[in-house]
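S.K.: Pasting start-v2.txt below, which is compact mmCIF, C-alpha atoms and all ligand atoms.
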# COMPACT_ATOMS: atom_id res chain seq x y z
CA MET A 1 -21.80 -9.66 3.26
CA PRO A 2 -19.05 -11.54 5.12
CA GLU A 3 -19.61 -12.77 8.64
CA GLN A 4 -17.26 -13.25 11.53
CA ALA A 5 -17.34 -17.05 11.15
CA LEU A 6 -16.18 -16.78 7.54
CA LEU A 7 -13.14 -14.73 8.57
CA GLU A 8 -12.28 -17.29 11.29
CA GLN A 9 -12.51 -20.06 8.68
CA VAL A 10 -10.21 -18.19 6.31
CA VAL A 11 -7.59 -17.72 9.04
CA ASP A 12 -7.79 -21.39 10.07
CA LYS A 13 -7.50 -22.58 6.47
CA VAL A 14 -4.45 -20.44 5.70
CA ARG A 15 -2.52 -20.83 8.98
CA PRO A 16 -0.69 -23.99 7.79
CA LEU A 17 1.07 -21.84 5.16
CA LEU A 18 2.98 -19.96 7.87
CA GLY A 19 6.65 -20.90 7.60
CA GLN A 20 6.68 -21.05 3.78
CA GLY A 21 7.61 -17.43 3.05
CA LYS A 22 10.39 -15.12 4.16
CA VAL A 23 10.16 -11.94 6.24
CA ALA A 24 11.67 -8.85 4.53
CA ASP A 25 15.13 -8.23 5.96
CA TYR A 26 16.58 -5.66 3.56
CA ILE A 27 15.22 -3.11 6.06
CA PRO A 28 16.77 -4.57 9.25
CA ALA A 29 14.14 -3.18 11.64
CA LEU A 30 11.42 -5.03 9.70
CA ALA A 31 13.06 -8.39 10.38
CA ASN A 32 12.23 -8.08 14.11
CA VAL A 33 8.57 -8.97 13.59
CA ASN A 34 7.04 -12.29 14.70
CA PRO A 35 6.71 -14.14 11.36
CA LYS A 36 3.77 -16.27 12.48
CA LYS A 37 1.24 -13.46 12.64
CA LEU A 38 -1.92 -13.63 10.56
CA GLY A 39 -4.90 -11.29 10.59
CA ILE A 40 -7.80 -10.16 8.43
CA ALA A 41 -10.31 -7.32 8.74
CA VAL A 42 -13.20 -6.26 6.52
CA THR A 43 -15.10 -2.96 6.47
CA THR A 44 -18.36 -2.86 4.54
CA ILE A 45 -19.83 0.34 3.10
CA ASP A 46 -22.45 0.43 5.84
CA GLY A 47 -19.45 1.23 8.12
CA THR A 48 -19.20 -2.11 9.94
CA THR A 49 -15.77 -3.62 10.62
CA ILE A 50 -15.13 -7.23 11.59
CA GLY A 51 -11.87 -9.11 11.95
CA ALA A 52 -10.16 -12.37 12.84
CA GLY A 53 -6.70 -13.50 13.96
CA ASP A 54 -4.14 -10.76 14.71
CA TYR A 55 -6.23 -8.06 13.10
CA LEU A 56 -5.78 -5.56 15.94
CA GLU A 57 -1.99 -5.78 16.06
CA PRO A 58 -0.19 -2.85 14.38
CA PHE A 59 2.42 -3.53 11.70
CA SER A 60 4.56 -1.50 9.30
CA ILE A 61 2.33 -0.58 6.36
CA GLN A 62 5.27 0.05 3.99
CA SER A 63 4.15 0.34 0.35
CA ILE A 64 0.46 0.39 1.24
CA SER A 65 1.24 4.04 2.08
CA LYS A 66 1.65 4.60 -1.68
CA VAL A 67 -2.14 4.56 -1.98
CA PHE A 68 -2.45 7.37 0.59
CA SER A 69 0.35 9.33 -1.11
CA LEU A 70 -1.27 9.18 -4.54
CA THR A 71 -4.62 10.12 -3.02
CA LEU A 72 -3.07 13.13 -1.28
CA ALA A 73 -1.31 14.17 -4.52
CA LEU A 74 -4.64 13.97 -6.38
CA THR A 75 -6.06 16.50 -3.92
CA LEU A 76 -3.10 18.86 -4.41
CA TYR A 77 -2.58 18.83 -8.19
CA GLU A 78 -4.29 18.89 -11.55
CA GLU A 79 -4.15 15.40 -13.04
CA HIS A 80 -1.85 16.35 -15.94
CA GLU A 81 0.70 17.65 -13.43
CA ILE A 82 0.91 14.16 -11.94
CA TRP A 83 0.65 12.03 -15.07
CA SER A 84 3.27 14.00 -16.97
CA ARG A 85 5.77 12.81 -14.35
CA VAL A 86 4.75 9.20 -13.75
CA GLY A 87 3.04 6.57 -15.94
CA LYS A 88 0.10 4.22 -15.52
CA GLU A 89 1.56 0.96 -16.80
CA PRO A 90 2.60 -2.20 -14.97
CA SER A 91 6.38 -2.35 -14.69
CA GLY A 92 7.11 -6.05 -14.98
CA GLN A 93 10.15 -5.34 -12.77
CA SER A 94 10.70 -5.65 -9.05
CA PHE A 95 9.36 -2.77 -6.97
CA ASN A 96 12.79 -1.22 -6.38
CA SER A 97 14.30 -1.77 -9.81
CA LEU A 98 16.55 0.87 -11.39
CA VAL A 99 16.94 -0.41 -14.97
CA GLN A 100 13.60 0.77 -16.34
CA VAL A 101 14.10 4.26 -14.87
CA GLU A 102 17.30 4.57 -16.89
CA LEU A 103 15.83 3.11 -20.08
CA GLU A 104 12.69 5.25 -19.88
CA ARG A 105 14.53 8.50 -19.18
CA GLY A 106 13.54 9.09 -15.58
CA VAL A 107 9.77 8.61 -15.88
CA PRO A 108 8.66 5.67 -13.70
CA ARG A 109 6.05 3.26 -15.01
CA ASN A 110 3.48 3.77 -12.23
CA PRO A 111 3.00 5.45 -8.83
CA PHE A 112 3.20 2.21 -6.83
CA ILE A 113 6.75 1.09 -7.62
CA ASN A 114 9.34 2.86 -5.46
CA ALA A 115 10.43 5.18 -8.29
CA GLY A 116 6.85 6.31 -8.90
CA ALA A 117 6.11 6.75 -5.21
CA LEU A 118 9.25 8.88 -4.87
CA ILE A 119 7.91 11.14 -7.65
CA ILE A 120 4.60 11.40 -5.77
CA ALA A 121 6.48 12.18 -2.53
CA ASP A 122 8.44 14.85 -4.43
CA LEU A 123 5.17 16.38 -5.68
CA ILE A 124 3.71 16.39 -2.15
CA GLN A 125 6.91 17.93 -0.77
CA SER A 126 6.61 20.82 -3.26
CA ARG A 127 3.10 21.74 -2.11
CA LEU A 128 3.06 21.14 1.65
CA GLY A 129 5.10 22.75 4.41
CA ALA A 130 4.66 19.80 6.77
CA PRO A 131 3.89 16.75 4.61
CA LYS A 132 4.54 14.13 7.31
CA HIS A 133 2.18 15.87 9.68
CA ARG A 134 -0.52 16.16 6.98
CA MET A 135 -0.17 12.49 6.03
CA LEU A 136 -0.71 11.40 9.64
CA GLU A 137 -3.71 13.70 9.96
CA ILE A 138 -5.32 12.17 6.86
CA VAL A 139 -4.68 8.57 7.84
CA ARG A 140 -5.94 9.16 11.39
CA GLU A 141 -9.11 10.74 10.02
CA LEU A 142 -9.70 8.01 7.42
CA SER A 143 -9.30 5.20 9.94
CA GLY A 144 -10.92 7.00 12.86
CA ASN A 145 -7.87 6.09 14.95
CA PRO A 146 -6.11 9.18 16.38
CA SER A 147 -3.27 7.12 17.88
CA ILE A 148 -1.65 6.04 14.58
CA LEU A 149 2.07 6.93 14.60
CA TYR A 150 5.23 6.70 12.54
CA ASP A 151 7.59 3.97 13.72
CA LYS A 152 10.75 6.05 14.14
CA VAL A 153 12.96 2.95 14.44
CA VAL A 154 11.76 1.58 11.09
CA ALA A 155 12.03 5.01 9.41
CA ALA A 156 15.62 5.38 10.70
CA SER A 157 16.48 1.84 9.60
CA GLU A 158 15.18 2.59 6.09
CA TYR A 159 17.17 5.79 6.00
CA GLU A 160 20.36 3.95 7.00
CA HIS A 161 19.80 1.51 4.14
CA SER A 162 18.55 3.99 1.59
CA ALA A 163 21.20 3.51 -1.11
CA ARG A 164 18.84 1.98 -3.67
CA ASN A 165 15.98 4.43 -3.21
CA ALA A 166 18.49 7.31 -3.19
CA ALA A 167 20.01 5.99 -6.43
CA ILE A 168 16.54 5.86 -8.02
CA ALA A 169 15.77 9.42 -6.93
CA TYR A 170 19.13 10.80 -8.13
CA LEU A 171 18.72 9.00 -11.45
CA MET A 172 15.32 10.67 -11.92
CA LYS A 173 16.88 14.01 -10.91
CA SER A 174 19.54 13.54 -13.59
CA PHE A 175 16.70 13.40 -16.13
CA GLY A 176 15.10 16.55 -14.68
CA ASN A 177 12.18 14.67 -13.11
CA PHE A 178 12.81 15.41 -9.42
CA ASN A 179 12.48 18.88 -7.96
CA ASN A 180 13.31 18.76 -4.24
CA ASP A 181 16.38 17.80 -2.28
CA VAL A 182 16.63 13.99 -2.49
CA ASP A 183 17.37 13.48 1.21
CA THR A 184 14.40 15.59 2.25
CA VAL A 185 12.00 13.60 0.06
CA LEU A 186 13.50 10.27 1.16
CA HIS A 187 12.95 11.31 4.77
CA SER A 188 9.23 11.93 4.10
CA TYR A 189 8.84 8.81 1.94
CA PHE A 190 10.41 6.54 4.59
CA HIS A 191 8.11 7.97 7.23
CA TYR A 192 5.01 7.33 5.10
CA CYS A 193 6.20 3.71 4.70
CA ALA A 194 6.92 3.43 8.45
CA MET A 195 3.37 4.17 9.59
CA ARG A 196 2.10 1.53 12.00
CA MET A 197 -1.51 0.48 11.53
CA ASN A 198 -3.50 -2.68 12.14
CA CYS A 199 -5.79 -4.54 9.72
CA ALA A 200 -8.90 -2.88 11.18
CA ASP A 201 -7.36 0.62 10.78
CA LEU A 202 -6.38 -0.11 7.18
CA SER A 203 -9.66 -1.67 6.11
CA LYS A 204 -11.48 1.37 7.52
CA ALA A 205 -9.02 3.85 5.98
CA MET A 206 -9.35 2.27 2.52
CA LEU A 207 -13.14 2.25 2.51
CA TYR A 208 -13.19 5.31 0.21
CA LEU A 209 -11.83 3.06 -2.58
CA ALA A 210 -14.95 0.91 -2.27
CA ASN A 211 -17.28 3.85 -1.74
CA ARG A 212 -16.75 6.08 -4.80
CA GLY A 213 -14.17 8.22 -3.01
CA LYS A 214 -16.17 8.88 0.15
CA SER A 215 -14.41 8.03 3.40
CA LEU A 216 -15.80 6.29 6.44
CA SER A 217 -15.74 9.72 8.10
CA GLY A 218 -18.12 10.94 5.36
CA ARG A 219 -15.64 13.09 3.42
CA GLN A 220 -15.47 13.05 -0.38
CA LEU A 221 -11.73 12.53 -0.60
CA ILE A 222 -11.38 12.08 -4.35
CA SER A 223 -14.08 11.97 -7.05
CA PRO A 224 -15.90 8.79 -8.09
CA VAL A 225 -14.02 8.86 -11.42
CA GLN A 226 -10.64 9.27 -9.67
CA THR A 227 -11.56 6.37 -7.39
CA ARG A 228 -12.35 4.15 -10.36
CA GLN A 229 -9.03 5.16 -11.94
CA MET A 230 -7.14 4.45 -8.70
CA ASN A 231 -8.71 0.99 -8.50
CA ALA A 232 -7.71 0.32 -12.12
CA LEU A 233 -4.12 1.22 -11.31
CA LEU A 234 -4.21 -0.97 -8.20
CA ALA A 235 -5.53 -3.90 -10.22
CA THR A 236 -2.76 -3.56 -12.81
CA SER A 237 0.20 -2.44 -10.66
CA GLY A 238 -0.64 -2.78 -6.96
CA LEU A 239 1.08 -6.14 -6.54
CA TYR A 240 4.11 -5.31 -8.73
CA ASP A 241 5.25 -8.20 -10.90
CA GLY A 242 2.79 -10.42 -9.02
CA ALA A 243 -0.20 -8.36 -10.23
CA GLY A 244 -1.29 -10.92 -12.84
CA GLU A 245 -1.12 -13.82 -10.40
CA PHE A 246 -3.02 -11.77 -7.80
CA ALA A 247 -5.75 -10.83 -10.31
CA TYR A 248 -6.02 -14.48 -11.30
CA ARG A 249 -6.20 -15.84 -7.76
CA VAL A 250 -7.93 -13.04 -5.84
CA GLY A 251 -9.68 -10.82 -8.38
CA MET A 252 -9.69 -7.54 -6.43
CA PRO A 253 -7.71 -4.31 -6.87
CA GLY A 254 -5.07 -4.40 -4.14
CA LYS A 255 -1.86 -3.00 -2.72
CA SER A 256 0.82 -4.87 -0.83
CA GLY A 257 3.66 -3.80 1.44
CA VAL A 258 6.86 -5.59 2.50
CA GLY A 259 5.63 -5.47 6.10
CA GLY A 260 3.27 -8.27 4.99
CA GLY A 261 0.07 -6.24 4.70
CA ILE A 262 -2.22 -6.26 1.68
CA ILE A 263 -5.32 -4.10 1.21
CA ALA A 264 -7.94 -4.97 -1.38
CA VAL A 265 -11.38 -3.70 -2.32
CA ILE A 266 -14.59 -4.79 -3.95
CA PRO A 267 -15.94 -1.49 -5.31
CA GLY A 268 -19.44 -0.78 -4.04
CA ASP A 269 -19.12 -3.32 -1.24
CA MET A 270 -16.13 -3.55 1.04
CA SER A 271 -12.46 -2.99 1.79
CA VAL A 272 -10.32 -5.78 3.21
CA CYS A 273 -6.90 -5.87 4.87
CA VAL A 274 -4.83 -8.97 5.55
CA TRP A 275 -1.49 -9.19 7.33
CA SER A 276 1.09 -11.91 7.57
CA PRO A 277 4.78 -10.92 7.52
CA GLU A 278 6.30 -13.74 5.47
CA LEU A 279 6.59 -12.77 1.79
CA ASP A 280 6.65 -14.63 -1.52
CA LEU A 281 9.34 -14.08 -4.16
CA ASN A 282 7.64 -10.93 -5.48
CA GLY A 283 7.64 -9.32 -2.02
CA ASN A 284 3.91 -9.88 -1.38
CA SER A 285 2.53 -11.58 1.74
CA LEU A 286 2.35 -15.31 1.04
CA ALA A 287 -0.33 -16.27 3.55
CA GLY A 288 -2.02 -12.89 3.07
CA THR A 289 -2.54 -13.54 -0.63
CA ALA A 290 -3.86 -17.02 0.15
CA ALA A 291 -6.22 -15.52 2.75
CA LEU A 292 -7.64 -13.07 0.23
CA GLU A 293 -8.02 -15.86 -2.32
CA GLU A 294 -9.86 -18.01 0.21
CA PHE A 295 -12.00 -15.06 1.30
CA CYS A 296 -13.13 -14.27 -2.27
CA GLN A 297 -13.77 -17.93 -3.05
CA ARG A 298 -15.91 -18.46 0.04
CA LEU A 299 -17.78 -15.22 -0.54
CA GLY A 300 -18.18 -15.93 -4.25
CA ARG A 301 -17.01 -12.40 -5.07
CA SER A 302 -14.54 -10.88 -7.50
CA ILE A 303 -14.45 -7.81 -9.72
CA PHE A 304 -14.05 -10.04 -12.78
O1 LIG B 401 11.20 1.70 -0.04
C1 LIG B 401 11.08 0.52 0.27
O2 LIG B 401 11.73 -0.36 -0.29
C2 LIG B 401 10.10 0.16 1.35
N1 LIG B 401 9.96 1.24 2.29
C3 LIG B 401 8.74 -0.18 0.80
C4 LIG B 401 8.74 -1.32 -0.19
C5 LIG B 401 7.46 -2.10 -0.23
O3 LIG B 401 6.71 -2.21 0.70
C6 LIG B 401 7.24 -2.85 -1.48
N2 LIG B 401 6.05 -3.67 -1.37
N3 LIG B 401 5.85 -4.82 -1.48
How would this structure read if it were set down as structure tokens?
Ligand code: DON

M.R.:
Amino acid sequence: MPEQALLEQVVDKVRPLLGQGKVADYIPALANVNPKKLGIAVTTIDGTTIGAGDYLEPFSIQSISKVFSLTLALTLYEEHEIWSRVGKEPSGQSFNSLVQVELERGVPRNPFINAGALIIADLIQSRLGAPKHRMLEIVRELSGNPSILYDKVVAASEYEHSARNAAIAYLMKSFGNFNNDVDTVLHSYFHYCAMRMNCADLSKAMLYLANRGKSLSGRQLISPVQTRQMNALLATSGLYDGAGEFAYRVGMPGKSGVGGGIIAVIPGDMSVCVWSPELDLNGNSLAGTAALEEFCQRLGRSIF
């Protein structure tokens, strides 16, 4: 099991990489972050959390929310109702690409690219009267932190620059694969992305992925089989068109967000969250990926 000193070593080793990536600026409010931040937290299945660097500083979780959304959808629907609307394959395209959605007649490749996450948000919208409220409730319970909030400034900034996500949603609607009002679903989706959490919150909240679907709070959120399936999808699609490189270097199922966070798990053992805002060309945290690589190397662990 990792120790505090190991996390400190990882942070020290990776810190020189700060300055080599680029903070996401296509959502203007995200560009206001201090680019030199770097944090890591680990939660083991005995319920212990340790961290190093800026691991207690909240950041915009962005696409990491797509894991919570899919989990919530799995609790609301039969599996065929989800997988008839979104696929399970890596996309090989950038996370907000439109071309594949057109070529593949409105059915996105997987639930972690924006198109797929918008389908999941549409599904959630159809079943819940207050989806944003429910999402916050779940995330607060999973992390044990009742003060987690939506960053209204980031959500509004996303909404003001929503042309691409709106285009994706309308394209899917034109193929009959989108049921609710596009603006309503975008509003929910942007809020999910705009949740502010720190590395400790996220490593705790994701523990169910390492613990056969059982949360840190002791709730069986999804079944052991669904958890295994979720981890398989994360390993193949969680890092978008950087998934192969991430599997090669890190060797854990993971999910990134353009806020610079990445969560990753070793099933049966632990969940990890790293954060560093500067991104590589695929939109994944540059120093964060290096930190996870260093962590796995030093620990001698990988799922492969
Ligand atoms: O919809 C978007 O583009 C953002 N709210 C989320 C994108 C994201 O985090 C992709 N991850 N690397």

S.K.: Can you pull out every residue within 8 Å of stretch 31-35 of chain A, counting all atoms listed in the file, but drop anything in the same chain fewer than 2 positions away, and send it as number ranges by chain?

M.R.: A: 18-19, 23-25, 27-29, 37, 276-278

S.K.: Taking (4.3, 12.8, 5.5) in the coordinates of the supplied file, I want to know which residues reach to within 6 Å of it, counting all atoms listed in the file; could you give the answer as a PyMOL selection string?

M.R.: chain A and resi 131-133+135+188+192

S.K.: By how many Å are atom CA of A:Tyr189 and atom CA of A:Arg219 apart?

M.R.: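 For atom CA of A:Tyr189 relative to atom CA of A:Arg219, the distance reads 24.9 Å.
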
S.K.: Under the rule that only C-alpha atoms are counted, which of A:Met195, A:Phe295, A:Ser174, A:Ala156 is the nearest residue to A:Leu7?

M.R.: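 Counting only C-alpha atoms, the residue closest to A:Leu7 is A:Phe295.
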
S.K.: Which residue, A:Asp54, A:Asp181, A:Asp280, A:Glu158, has the smallest gap to ligand LIG 401 (chain B) when you use all atoms listed in the file?

M.R.: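 The closest residue to ligand LIG 401 (chain B) is A:Glu158.
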
S.K.: Find the distance between atom CA of A:Asp46 and atom CA of A:Asp269 and write it in Å to one decimal.

M.R.: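 About the pair atom CA of A:Asp46 and atom CA of A:Asp269: they are 8.7 Å apart.
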